[in-house]
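> Attaching a single structure in structure tokens format; questions to follow.
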Amino acid sequence: MPAITPGTSLHKLVDTIRQAMATVFSQALGSAWQVAIENDDQSGAATADPSLWLRFDLSGGLQGAVVIQVQTPHALLWASKFLSEEFDASAQLRPDHTEALEELFRQVAGMVATGLKSTWGETRIEVKSSEAPAWEGVMLTLLASETSAGTLPLRCRLSSELLASLSSSASVAAPAAAPARSEETAAATTSNEPNFDLLLGVDLNLTLRFGQCVMSLRELLELNSGSVIELDREVTQPADLLLGDKLIARGEVVIVDGNYGIRVTEVADPRQRLNTI
């Protein structure tokens with residue numbers, strides 16, 4: 001796991017989640033909770049313990065997903081406290097416990113959305129139970145602690161789409177440099193630039209677009225096997241290479257060992273590829 005360096009967009013997101021958890025847990029569970037970022041965690045994978053998975057789907061100002069692994073005993077503890085029940089470590093996790101945990105983390109998500117607004121604008125967050133994610137991403141651990149409960153780890157996985165959205169938004173929001181700056185000002189600006197090193201090992205899904213068209217709902221419903229759809233691009237024009245909905249390159253379509261490929265002829269500037277349309 002890369003270090004969560006203070007001053008980066010990734011740190012601001014994770015710290016906003018940390019603060020929201022500490023506040024909501026303390027308010028909703030009837031005791032003072034603290035949540036910390038575990039920067040020494042090098043495992044890079046979720047644990048194999050019986051767990052619930054909660055997925056935060058972000059849209060709007062930031063786009064992507066955060067999936068949080070809550071070990072079953074910890075889920076039972078938090079759900080029991082939320083429902084004002086006596087905690088029984090030997091009890092089974094009931095459906096109402098799962099619903100209570102989802103509601104607890106919805107309150108966390110609401111506070112996170114409020115905290116993100118000043119930097120990334122209106123961001124909507126939907127919370128739901130999930131399976132263990134099959135996709136790769138950056139892993140990190142948050143440590144929730146309370147005197148009687150000890151320290152409880154929460155494993156979090158951030159999707160590559162969310163990391164790209166963080167980087168893209170940070171580039172757009174970065175102010176233009178003044179003609180002359182003092183050494184102190186220059187150092188402060190450098191520390192707040194997006195840290196692309198955090199993203200270099202992340203796998204990203206790219207899409208090759210041959211063209212597009214506009215169809216009415218009637219035309220869409222009338223499609224069947226053998227239908228031909230005319231796109232808005234001639235065969236001599238280059239195809240687009242996309243990251244999400246961002247255009248990062250254009251090129252010629254080729255066949256490589258029986259698979260489609262693209263020979264790149266145009267690329268966006270390296271630091272603007274995530275922003276260029």
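Each chain in the structure tokens gets a letter, A, B and so on, in the order shown; residues start at 1 in every chain, and ligands are counted from 1 in the order they appear.
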Quick one: residues within 8 Å of Ala249 (chain A), only C-alpha atoms counted, chain neighbours fewer than 4 positions away excluded, as number ranges by chain?
A: 240-242, 264-268
> Excluding same-chain residues fewer than 4 positions from Pro153 (chain A), what lies within 12 Å of it counting only C-alpha atoms, as a ChimeraX atom specification?
/A:34-38,41,46-47,49,51,68-75,140-146,149
> Could you check which of A:Asp245, A:Glu103, A:Glu252, A:Glu222 is closest to Ser165 (chain A), using only C-alpha atoms?
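Among A:Asp245, A:Glu103, A:Glu252, A:Glu222, it is A:Asp245 that comes nearest to Ser165 (chain A).
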> Apply DSSP to the backbone of this structure and, from region 22-270 of chain A, keep only the residues in strand (DSSP E or B); write these as a ChimeraX atom specification.
/A:34-38,51-60,64-71,123-130,137-146,150-159,206-209,239-243,246-256,259-267
> What lies within 7 Å of Leu158 (chain A) using only C-alpha atoms, ignoring chain neighbours under 3 positions off, as a PyMOL selection string?
chain A and resi 65-67+137-139+162
> So that I have them on file, write out the residues from the current selection with C-alpha atoms, as an mmCIF file, in the first residue's frame.

```cif
data_model
loop_
_atom_site.group_PDB
_atom_site.id
_atom_site.type_symbol
_atom_site.label_atom_id
_atom_site.label_comp_id
_atom_site.auth_asym_id
_atom_site.auth_seq_id
_atom_site.Cartn_x
_atom_site.Cartn_y
_atom_site.Cartn_z
ATOM 1 C CA ALA A 65 -16.078 3.266 -5.423
ATOM 2 C CA VAL A 66 -14.756 2.564 -1.935
ATOM 3 C CA VAL A 67 -15.414 -0.923 -0.550
ATOM 4 C CA GLY A 137 -7.294 -1.000 -6.349
ATOM 5 C CA VAL A 138 -5.392 0.741 -3.598
ATOM 6 C CA MET A 139 -5.817 -0.967 -0.212
ATOM 7 C CA LEU A 162 -11.817 6.855 -8.014
#
```
> How many Å lie between CA of Gly261 (chain A) and CA of Asn205 (chain A), rounded to one decimal?
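These two atoms are separated by 14.3 Å.
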> Could you list, as a ChimeraX atom specification, every residue within 7 Å of Arg124 (chain A), counting only C-alpha atoms and ignoring same-chain residues fewer than 6 positions away?
/A:58-60,113
> Which residues, written as JSON, numbers by chain, have at least one atom at most 10 Å from Gly115 (chain A), with only C-alpha atoms counted and residues fewer than 5 positions away on the same chain left out?
{"A": [12, 13, 15, 16, 17, 19, 20, 109, 110, 120, 121, 122, 123]}
> Between CA of Leu163 (chain A) and CA of Gln107 (chain A), what is the distance, to one decimal in Å?
23.2 Å
> State, in Å with one decimal place, the distance from CA of Ala239 (chain A) to CA of Val253 (chain A).
6.8 Å
> Would you please extract all alpha helix (DSSP H) residues from region 54-244 of chain A, as assigned by DSSP on the backbone, and give them as a ChimeraX atom specification?
/A:72-82,95-120,160-173,183-191,217-221
